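Below: data.cif (mmCIF, C-alpha atoms)
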data_query
#
loop_
_atom_site.group_PDB
_atom_site.id
_atom_site.type_symbol
_atom_site.label_atom_id
_atom_site.label_comp_id
_atom_site.auth_asym_id
_atom_site.auth_seq_id
_atom_site.Cartn_x
_atom_site.Cartn_y
_atom_site.Cartn_z
ATOM 1 C CA MET A 1234 19.188 91.518 86.168
ATOM 2 C CA MET A 1235 19.234 87.756 86.657
ATOM 3 C CA GLN A 1236 16.081 86.013 85.492
ATOM 4 C CA SER A 1237 14.548 83.211 87.547
ATOM 5 C CA ARG A 1238 11.438 81.129 87.164
ATOM 6 C CA THR A 1239 8.750 82.654 89.340
ATOM 7 C CA THR A 1240 5.711 80.782 88.016
ATOM 8 C CA PRO A 1241 4.963 77.657 90.104
ATOM 9 C CA LEU A 1242 5.012 74.401 88.208
ATOM 10 C CA ALA A 1243 1.616 72.977 87.364
ATOM 11 C CA ALA A 1244 0.500 70.006 89.426
ATOM 12 C CA ASP A 1245 0.468 67.845 86.286
ATOM 13 C CA SER A 1246 3.884 68.976 85.028
ATOM 14 C CA PRO A 1247 5.679 66.689 82.576
ATOM 15 C CA SER A 1248 7.598 64.143 84.643
ATOM 16 C CA GLY A 1249 11.051 65.251 83.466
ATOM 17 C CA LEU A 1250 10.487 68.870 84.409
ATOM 18 C CA ALA A 1251 8.985 67.954 87.762
ATOM 19 C CA ALA A 1252 11.923 65.658 88.572
ATOM 20 C CA VAL A 1253 14.463 68.337 87.659
ATOM 21 C CA GLU A 1254 12.641 70.874 89.813
ATOM 22 C CA GLN A 1255 12.679 68.488 92.759
ATOM 23 C CA GLU A 1256 16.419 67.942 92.316
ATOM 24 C CA ILE A 1257 17.080 71.686 92.162
ATOM 25 C CA VAL A 1258 15.112 72.193 95.367
ATOM 26 C CA ARG A 1259 17.070 69.383 97.048
ATOM 27 C CA ALA A 1260 20.452 70.725 95.865
ATOM 28 C CA CYS A 1261 19.596 74.254 97.004
ATOM 29 C CA LYS A 1262 18.533 72.977 100.409
ATOM 30 C CA GLU A 1263 21.783 71.038 100.829
ATOM 31 C CA ALA A 1264 23.798 74.089 99.766
ATOM 32 C CA ARG A 1265 21.710 76.320 102.072
ATOM 33 C CA ARG A 1266 20.683 78.451 99.117
ATOM 34 C CA ASP A 1267 17.362 80.007 98.208
ATOM 35 C CA ARG A 1268 15.656 78.180 95.326
ATOM 36 C CA ALA A 1269 15.097 81.564 93.670
ATOM 37 C CA SER A 1270 18.873 82.027 93.359
ATOM 38 C CA VAL A 1271 19.028 79.361 90.624
ATOM 39 C CA THR A 1272 17.505 79.881 87.188
ATOM 40 C CA LEU A 1273 16.541 76.717 85.346
ATOM 41 C CA ILE A 1274 17.159 77.081 81.605
ATOM 42 C CA ALA A 1275 15.185 74.382 79.777
ATOM 43 C CA VAL A 1276 17.334 73.588 76.743
ATOM 44 C CA SER A 1277 14.957 73.048 73.857
ATOM 45 C CA LYS A 1278 17.432 72.718 70.978
ATOM 46 C CA THR A 1279 16.260 70.300 68.242
ATOM 47 C CA PHE A 1280 12.752 70.142 69.721
ATOM 48 C CA ALA A 1281 9.781 71.558 67.844
ATOM 49 C CA ALA A 1282 7.167 73.912 69.249
ATOM 50 C CA ASP A 1283 4.721 71.087 69.973
ATOM 51 C CA ALA A 1284 7.248 69.521 72.356
ATOM 52 C CA ILE A 1285 8.030 72.859 74.010
ATOM 53 C CA SER A 1286 4.443 74.001 74.589
ATOM 54 C CA PRO A 1287 3.662 71.451 77.362
ATOM 55 C CA ILE A 1288 6.765 72.634 79.255
ATOM 56 C CA ILE A 1289 5.582 76.236 78.948
ATOM 57 C CA ASP A 1290 2.092 75.220 80.058
ATOM 58 C CA ALA A 1291 3.609 73.590 83.146
ATOM 59 C CA GLY A 1292 5.051 76.940 84.226
ATOM 60 C CA GLN A 1293 8.583 76.970 82.812
ATOM 61 C CA ARG A 1294 9.484 80.391 81.421
ATOM 62 C CA VAL A 1295 13.234 80.329 80.685
ATOM 63 C CA PHE A 1296 14.528 78.393 77.674
ATOM 64 C CA GLY A 1297 17.841 77.862 75.902
ATOM 65 C CA GLU A 1298 18.764 77.324 72.272
ATOM 66 C CA ASN A 1299 22.108 76.505 70.655
ATOM 67 C CA ARG A 1300 21.643 78.045 67.216
ATOM 68 C CA VAL A 1301 20.302 81.400 66.123
ATOM 69 C CA GLN A 1302 18.703 80.068 62.927
ATOM 70 C CA GLU A 1303 16.848 77.262 64.678
ATOM 71 C CA ALA A 1304 15.567 79.637 67.347
ATOM 72 C CA LYS A 1305 14.341 82.111 64.729
ATOM 73 C CA GLY A 1306 12.230 79.380 63.210
ATOM 74 C CA LYS A 1307 10.181 78.549 66.284
ATOM 75 C CA TRP A 1308 10.464 81.100 69.091
ATOM 76 C CA PRO A 1309 8.861 84.287 67.704
ATOM 77 C CA ALA A 1310 5.499 82.504 67.434
ATOM 78 C CA LEU A 1311 5.892 80.864 70.861
ATOM 79 C CA MET A 1312 6.767 84.207 72.428
ATOM 80 C CA GLN A 1313 3.796 85.887 70.834
ATOM 81 C CA SER A 1314 1.396 83.262 72.160
ATOM 82 C CA HIS A 1315 3.081 82.989 75.587
ATOM 83 C CA PRO A 1316 4.072 86.442 76.911
ATOM 84 C CA GLY A 1317 6.834 86.570 79.479
ATOM 85 C CA LEU A 1318 9.150 83.899 78.084
ATOM 86 C CA VAL A 1319 12.909 84.421 78.420
ATOM 87 C CA LEU A 1320 15.266 83.015 75.771
ATOM 88 C CA HIS A 1321 18.983 82.305 76.227
ATOM 89 C CA LEU A 1322 21.523 81.560 73.500
ATOM 90 C CA ILE A 1323 23.765 78.914 75.047
ATOM 91 C CA GLY A 1324 25.590 77.760 71.907
ATOM 92 C CA PRO A 1325 28.391 79.367 69.891
ATOM 93 C CA LEU A 1326 27.703 82.694 68.214
ATOM 94 C CA GLN A 1327 29.149 83.822 64.905
ATOM 95 C CA SER A 1328 29.758 87.536 64.579
ATOM 96 C CA ASN A 1329 27.587 87.702 61.435
ATOM 97 C CA LYS A 1330 24.645 86.454 63.537
ATOM 98 C CA ALA A 1331 25.058 89.077 66.261
ATOM 99 C CA LYS A 1332 22.289 91.313 64.892
ATOM 100 C CA GLU A 1333 19.747 88.489 64.948
ATOM 101 C CA ALA A 1334 20.978 87.220 68.312
ATOM 102 C CA VAL A 1335 20.608 90.588 70.053
ATOM 103 C CA ALA A 1336 17.145 91.020 68.552
ATOM 104 C CA LEU A 1337 15.875 87.586 69.640
ATOM 105 C CA PHE A 1338 17.677 86.547 72.817
ATOM 106 C CA ASP A 1339 17.478 87.906 76.351
ATOM 107 C CA ALA A 1340 20.871 86.420 77.261
ATOM 108 C CA ILE A 1341 23.943 85.212 75.366
ATOM 109 C CA HIS A 1342 26.251 82.726 77.103
ATOM 110 C CA SER A 1343 29.030 82.395 74.510
ATOM 111 C CA VAL A 1344 31.055 85.616 74.454
ATOM 112 C CA ASP A 1345 34.574 84.329 73.830
ATOM 113 C CA ARG A 1346 36.502 86.432 71.273
ATOM 114 C CA THR A 1347 37.053 90.017 70.227
ATOM 115 C CA SER A 1348 35.109 89.733 66.962
ATOM 116 C CA ILE A 1349 32.008 88.774 68.959
ATOM 117 C CA CYS A 1350 32.607 91.650 71.373
ATOM 118 C CA GLU A 1351 32.802 94.125 68.490
ATOM 119 C CA ALA A 1352 29.677 92.777 66.813
ATOM 120 C CA LEU A 1353 27.659 92.683 70.040
ATOM 121 C CA ALA A 1354 28.710 96.191 71.072
ATOM 122 C CA LYS A 1355 27.585 97.503 67.680
ATOM 123 C CA GLU A 1356 24.209 95.764 67.785
ATOM 124 C CA ILE A 1357 23.486 96.620 71.425
ATOM 125 C CA LYS A 1358 24.010 100.282 70.542
ATOM 126 C CA ASN A 1359 22.034 100.094 67.293
ATOM 127 C CA GLN A 1360 19.077 98.199 68.736
ATOM 128 C CA GLY A 1361 19.024 99.782 72.179
ATOM 129 C CA LYS A 1362 18.622 96.307 73.648
ATOM 130 C CA GLN A 1363 20.861 94.901 76.381
ATOM 131 C CA PRO A 1364 20.897 91.111 76.667
ATOM 132 C CA GLU A 1365 22.660 89.556 79.608
ATOM 133 C CA LEU A 1366 26.154 88.539 78.506
ATOM 134 C CA PHE A 1367 28.205 85.633 79.814
ATOM 135 C CA VAL A 1368 31.850 85.020 78.930
ATOM 136 C CA GLN A 1369 32.460 81.375 78.077
ATOM 137 C CA ILE A 1370 35.494 79.906 79.853
ATOM 138 C CA ASN A 1371 37.183 76.812 78.400
ATOM 139 C CA THR A 1372 38.122 75.446 81.821
ATOM 140 C CA GLY A 1373 39.680 72.295 80.386
ATOM 141 C CA GLU A 1374 41.575 74.244 77.697
ATOM 142 C CA GLU A 1375 40.242 71.768 75.134
ATOM 143 C CA PRO A 1376 41.367 72.710 71.611
ATOM 144 C CA GLN A 1377 38.117 71.556 70.002
ATOM 145 C CA LYS A 1378 35.935 73.587 72.358
ATOM 146 C CA ALA A 1379 35.036 77.280 72.290
ATOM 147 C CA GLY A 1380 35.792 79.583 75.180
ATOM 148 C CA VAL A 1381 38.515 81.686 76.728
ATOM 149 C CA ALA A 1382 41.399 79.837 78.374
ATOM 150 C CA PRO A 1383 41.519 80.451 82.147
ATOM 151 C CA PRO A 1384 44.919 82.243 82.048
ATOM 152 C CA ASP A 1385 43.447 84.720 79.542
ATOM 153 C CA ALA A 1386 40.109 85.225 81.305
ATOM 154 C CA ASP A 1387 40.913 88.290 83.408
ATOM 155 C CA ALA A 1388 42.343 90.240 80.475
ATOM 156 C CA PHE A 1389 39.442 89.247 78.220
ATOM 157 C CA ILE A 1390 36.803 90.268 80.765
ATOM 158 C CA ALA A 1391 38.590 93.598 81.244
ATOM 159 C CA ALA A 1392 38.628 94.141 77.465
ATOM 160 C CA CYS A 1393 34.903 93.360 77.257
ATOM 161 C CA ARG A 1394 34.240 96.082 79.790
ATOM 162 C CA ASP A 1395 36.871 98.708 79.019
ATOM 163 C CA THR A 1396 37.460 98.368 75.272
ATOM 164 C CA TYR A 1397 34.015 97.360 74.057
ATOM 165 C CA GLY A 1398 31.792 98.800 76.787
ATOM 166 C CA LEU A 1399 29.981 95.523 77.348
ATOM 167 C CA SER A 1400 28.143 94.782 80.568
ATOM 168 C CA ILE A 1401 29.152 91.243 81.536
ATOM 169 C CA SER A 1402 26.748 89.417 83.859
ATOM 170 C CA GLY A 1403 28.763 86.281 84.495
ATOM 171 C CA LEU A 1404 30.697 83.296 83.196
ATOM 172 C CA MET A 1405 29.713 80.054 81.508
ATOM 173 C CA CYS A 1406 31.619 76.778 81.315
ATOM 174 C CA ILE A 1407 31.220 73.230 79.972
ATOM 175 C CA PRO A 1408 33.576 70.806 81.756
ATOM 176 C CA PRO A 1409 35.330 68.070 79.748
ATOM 177 C CA VAL A 1410 33.085 65.018 79.466
ATOM 178 C CA ASP A 1411 35.784 62.671 80.762
ATOM 179 C CA GLN A 1412 36.609 64.631 83.908
ATOM 180 C CA ALA A 1413 34.886 65.306 87.219
ATOM 181 C CA PRO A 1414 32.941 68.552 86.804
ATOM 182 C CA ALA A 1415 33.376 69.996 90.308
ATOM 183 C CA PRO A 1416 36.973 71.282 89.870
ATOM 184 C CA HIS A 1417 35.937 73.011 86.643
ATOM 185 C CA PHE A 1418 32.942 74.611 88.316
ATOM 186 C CA ALA A 1419 35.203 75.732 91.169
ATOM 187 C CA LEU A 1420 37.686 77.274 88.731
ATOM 188 C CA CYS A 1421 34.916 79.129 86.902
ATOM 189 C CA ALA A 1422 33.529 80.422 90.210
ATOM 190 C CA LYS A 1423 36.993 81.580 91.288
ATOM 191 C CA ILE A 1424 37.515 83.540 88.061
ATOM 192 C CA ALA A 1425 34.058 85.094 88.434
ATOM 193 C CA ALA A 1426 34.679 86.148 92.038
ATOM 194 C CA ARG A 1427 37.934 87.938 91.332
ATOM 195 C CA ASN A 1428 36.310 89.780 88.426
ATOM 196 C CA ARG A 1429 33.280 90.808 90.535
ATOM 197 C CA LEU A 1430 30.854 88.734 88.493
ATOM 198 C CA THR A 1431 27.855 87.134 90.172
ATOM 199 C CA GLY A 1432 26.412 85.061 87.322
ATOM 200 C CA LEU A 1433 27.571 81.457 86.887
ATOM 201 C CA SER A 1434 26.069 79.436 84.026
ATOM 202 C CA MET A 1435 27.218 75.953 85.010
ATOM 203 C CA GLY A 1436 25.730 72.475 84.983
ATOM 204 C CA MET A 1437 23.699 70.387 82.572
ATOM 205 C CA SER A 1438 21.465 67.322 82.902
ATOM 206 C CA ALA A 1439 24.166 65.054 84.348
ATOM 207 C CA ASP A 1440 25.769 67.471 86.799
ATOM 208 C CA PHE A 1441 23.496 70.418 87.592
ATOM 209 C CA ALA A 1442 23.138 69.414 91.245
ATOM 210 C CA THR A 1443 26.918 69.555 91.626
ATOM 211 C CA ALA A 1444 26.957 72.916 89.857
ATOM 212 C CA ILE A 1445 24.414 74.298 92.331
ATOM 213 C CA GLN A 1446 26.633 73.150 95.190
ATOM 214 C CA MET A 1447 29.476 75.094 93.545
ATOM 215 C CA GLY A 1448 27.455 78.295 93.189
ATOM 216 C CA ALA A 1449 25.704 78.077 89.805
ATOM 217 C CA THR A 1450 23.087 80.757 89.238
ATOM 218 C CA HIS A 1451 21.944 79.256 85.916
ATOM 219 C CA VAL A 1452 21.712 75.555 85.060
ATOM 220 C CA ARG A 1453 21.185 74.428 81.465
ATOM 221 C CA VAL A 1454 19.073 71.269 81.449
ATOM 222 C CA GLY A 1455 17.821 69.635 78.272
ATOM 223 C CA SER A 1456 17.559 65.846 78.046
ATOM 224 C CA ALA A 1457 16.449 65.438 81.668
ATOM 225 C CA ILE A 1458 13.412 67.581 80.790
ATOM 226 C CA PHE A 1459 12.696 66.818 77.135
ATOM 227 C CA GLY A 1460 14.040 63.264 76.837
ATOM 228 C CA THR A 1461 16.134 61.888 73.984
ATOM 229 C CA ARG A 1462 17.007 64.470 71.380
ATOM 230 C CA THR A 1463 15.845 64.175 67.810
ATOM 231 C CA ALA A 1464 17.774 65.255 64.734
ATOM 232 C CA PRO A 1465 17.270 68.979 63.963
ATOM 233 C CA HIS A 1466 15.060 69.879 61.044
ATOM 234 C CA PRO A 1467 17.000 70.917 57.935
#
Can the structure from this file be put into structure tokens for me?
Amino acid sequence: MMQSRTTPLAADSPSGLAAVEQEIVRACKEARRDRASVTLIAVSKTFAADAISPIIDAGQRVFGENRVQEAKGKWPALMQSHPGLVLHLIGPLQSNKAKEAVALFDAIHSVDRTSICEALAKEIKNQGKQPELFVQINTGEEPQKAGVAPPDADAFIAACRDTYGLSISGLMCIPPVDQAPAPHFALCAKIAARNRLTGLSMGMSADFATAIQMGATHVRVGSAIFGTRTAPHP
């Protein structure tokens, strides 16, 4: 089931969050979409709990982290003190972290190789917990970037379902930084449609409005909400 923010933003929301919300509303209106069809994932990587708490207090409930270890250090306490939070892993996952990832996260956006499929299938069965799973597509076929190449996407999605018994909710992509994002979002949406997938994790701070126009169901916004990133704690 796709998660969306249902708690209204507080009147005194932090300015970044309020501005992002306004832009999502505008983009949805232009695309003739319901605001509830887009989940805002506030990407809190590198930010400590004291920077995250005001965003929670303003009504945001869905957050994203890039690394399992960093998330383990701050989110259990935040979740205990703020029931109802939803946590997404949006960064790369190593198979040896699958156990911790399934235990902590409600969604994982970086399924991209068979070793991850095997590890996730094992932990989902062992823990009896079913996070939403997104296959990451490397739309630009960039060698330095994770993700499944578009020509291999259909076969990989089929293997996720048929070989490993995984329930795939959608696709995720990160367009090349030096290219217009819209064609990459369109390609990701096309692959999703032909594989009967409704979830599209597309768009970040610089291009989430475009992603919404192209059908994104989840947008991953960090710096536009939290400001300039700080170096992660060792």
Legend entry - Residues returned when the PyMOL selection byres ((chain A and resi 1448) around 10) runs on this file, as an MDAnalysis selection string: chainID A and resid 1261 1264 1266 1270:1271 1418:1419 1421:1422 1431:1435 1443:1447 1449:1451
Written selection (C-alpha atoms) as a tab-separated table (two decimals), keeping the file's coordinate frame:
chain	number	residue	atom	x	y	z
A	1261	CYS	CA	19.60	74.25	97.00
A	1264	ALA	CA	23.80	74.09	99.77
A	1266	ARG	CA	20.68	78.45	99.12
A	1270	SER	CA	18.87	82.03	93.36
A	1271	VAL	CA	19.03	79.36	90.62
A	1418	PHE	CA	32.94	74.61	88.32
A	1419	ALA	CA	35.20	75.73	91.17
A	1421	CYS	CA	34.92	79.13	86.90
A	1422	ALA	CA	33.53	80.42	90.21
A	1431	THR	CA	27.86	87.13	90.17
A	1432	GLY	CA	26.41	85.06	87.32
A	1433	LEU	CA	27.57	81.46	86.89
A	1434	SER	CA	26.07	79.44	84.03
A	1435	MET	CA	27.22	75.95	85.01
A	1443	THR	CA	26.92	69.56	91.63
A	1444	ALA	CA	26.96	72.92	89.86
A	1445	ILE	CA	24.41	74.30	92.33
A	1446	GLN	CA	26.63	73.15	95.19
A	1447	MET	CA	29.48	75.09	93.54
A	1449	ALA	CA	25.70	78.08	89.80
A	1450	THR	CA	23.09	80.76	89.24
A	1451	HIS	CA	21.94	79.26	85.92
Inset, instruction - Can you turn the PyMOL selection byres ((chain A and resi 1459) around 10) into a concrete residue list for this file, as a ChimeraX atom specification? - result: /A:1247-1250,1275-1278,1280,1284-1285,1288,1454-1458,1460-1462
Would you write out those residues with C-alpha atoms, as a compact mmCIF listing (two decimals), in the frame of the given file?
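File result_8.txt, as written:
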# COMPACT_ATOMS: atom_id res chain seq x y z
CA PRO A 1247 5.68 66.69 82.58
CA SER A 1248 7.60 64.14 84.64
CA GLY A 1249 11.05 65.25 83.47
CA LEU A 1250 10.49 68.87 84.41
CA ALA A 1275 15.18 74.38 79.78
CA VAL A 1276 17.33 73.59 76.74
CA SER A 1277 14.96 73.05 73.86
CA LYS A 1278 17.43 72.72 70.98
CA PHE A 1280 12.75 70.14 69.72
CA ALA A 1284 7.25 69.52 72.36
CA ILE A 1285 8.03 72.86 74.01
CA ILE A 1288 6.76 72.63 79.26
CA VAL A 1454 19.07 71.27 81.45
CA GLY A 1455 17.82 69.64 78.27
CA SER A 1456 17.56 65.85 78.05
CA ALA A 1457 16.45 65.44 81.67
CA ILE A 1458 13.41 67.58 80.79
CA GLY A 1460 14.04 63.26 76.84
CA THR A 1461 16.13 61.89 73.98
CA ARG A 1462 17.01 64.47 71.38
Legend entry - Point-to-point distance from CA of Val1319 in chain A to CA of Ala1382 in chain A, Å rounded to tenths: 28.9 Å
Legend entry - Residues matched by the PyMOL selection byres ((chain A and resi 1304) around 12) as a PyMOL selection string: chain A and resi 1276-1282+1296-1303+1305-1312+1320-1324+1330+1333-1334+1336-1338+1465-1466
Inset, instruction - For each of A:Ala1251, A:Ala1354, A:Ile1424, A:Cys1406, take the minimum atom-to-atom distance to Gly1380 in chain A, counting all atoms listed in the file, then give the residue where this is smallest. - result: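 Of A:Ala1251, A:Ala1354, A:Ile1424, A:Cys1406, the one nearest Gly1380 in chain A, counting all atoms listed in the file, is A:Cys1406.
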Box in all listed atoms of range 1447-1458 of chain A, axis-aligned, with 8 Å more on each side; write out centre and edge lengths in Å to one decimal as JSON.
{"center_x": 21.4, "center_y": 73.1, "center_z": 85.8, "size_x": 32.1, "size_y": 31.3, "size_z": 31.5}
Inset, instruction - Rank nothing, just name the residue among A:Ser1402, A:Asn1428, A:Ser1348, A:Ser1314 nearest to Asp1387 in chain A, using only C-alpha atoms. - result: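 Between A:Ser1402, A:Asn1428, A:Ser1348, A:Ser1314, the residue approaching Asp1387 in chain A most closely is A:Asn1428.
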Legend entry - Distance of CA of Ala1260 in chain A from CA of Leu1430 in chain A, expressed in Å to one decimal place: 22.1 Å
Inset, instruction - Tell me, as an NGL selection string, which residues lie within 6 Å of range 1355-1357 of chain A, counting all atoms listed in the file; anything in the same chain fewer than 5 positions away does not count. - result: :A and (1332 or 1362-1363)
Inset, instruction - Could you jot down the CA of Gln1412 in chain A to CA of Gln1369 in chain A separation for me, Å, one decimal place? - result: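 Answer for the CA of Gln1412 in chain A to CA of Gln1369 in chain A separation: 18.2 Å.
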Inset, instruction - Measuring atom to atom with all atoms listed in the file, identify which of A:Pro1325, A:Ile1289, A:Ala1331, A:Leu1420 is nearest to Thr1372 in chain A. - result: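 Residue with the minimum atom-to-atom distance to Thr1372 in chain A: A:Leu1420.
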Legend entry - Given only C-alpha atoms as the counted atoms, nearest of A:Val1410, A:Glu1365, A:Arg1346, A:Glu1351 to Ile1390 in chain A: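 Using only C-alpha atoms, Ile1390 in chain A sits closest to A:Arg1346.
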Legend entry - Selected residue, from A:Glu1254, A:Val1381, A:Arg1265, A:Asn1329, that lies nearest to Gly1292 in chain A when counting all atoms listed in the file: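 Smallest distance to Gly1292 in chain A is found for A:Glu1254.
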Legend entry - Minimum-distance residue to Ala1413 in chain A, chosen among A:Arg1294, A:Gly1373, A:Ile1341, A:Asp1283 (using only C-alpha atoms): A:Gly1373
Legend entry - Residues within 7 Å of (37.1, 72.4, 82.8), counting only C-alpha atoms, listed as an MDAnalysis selection string: chainID A and resid 1371:1373 1407:1409 1414 1417
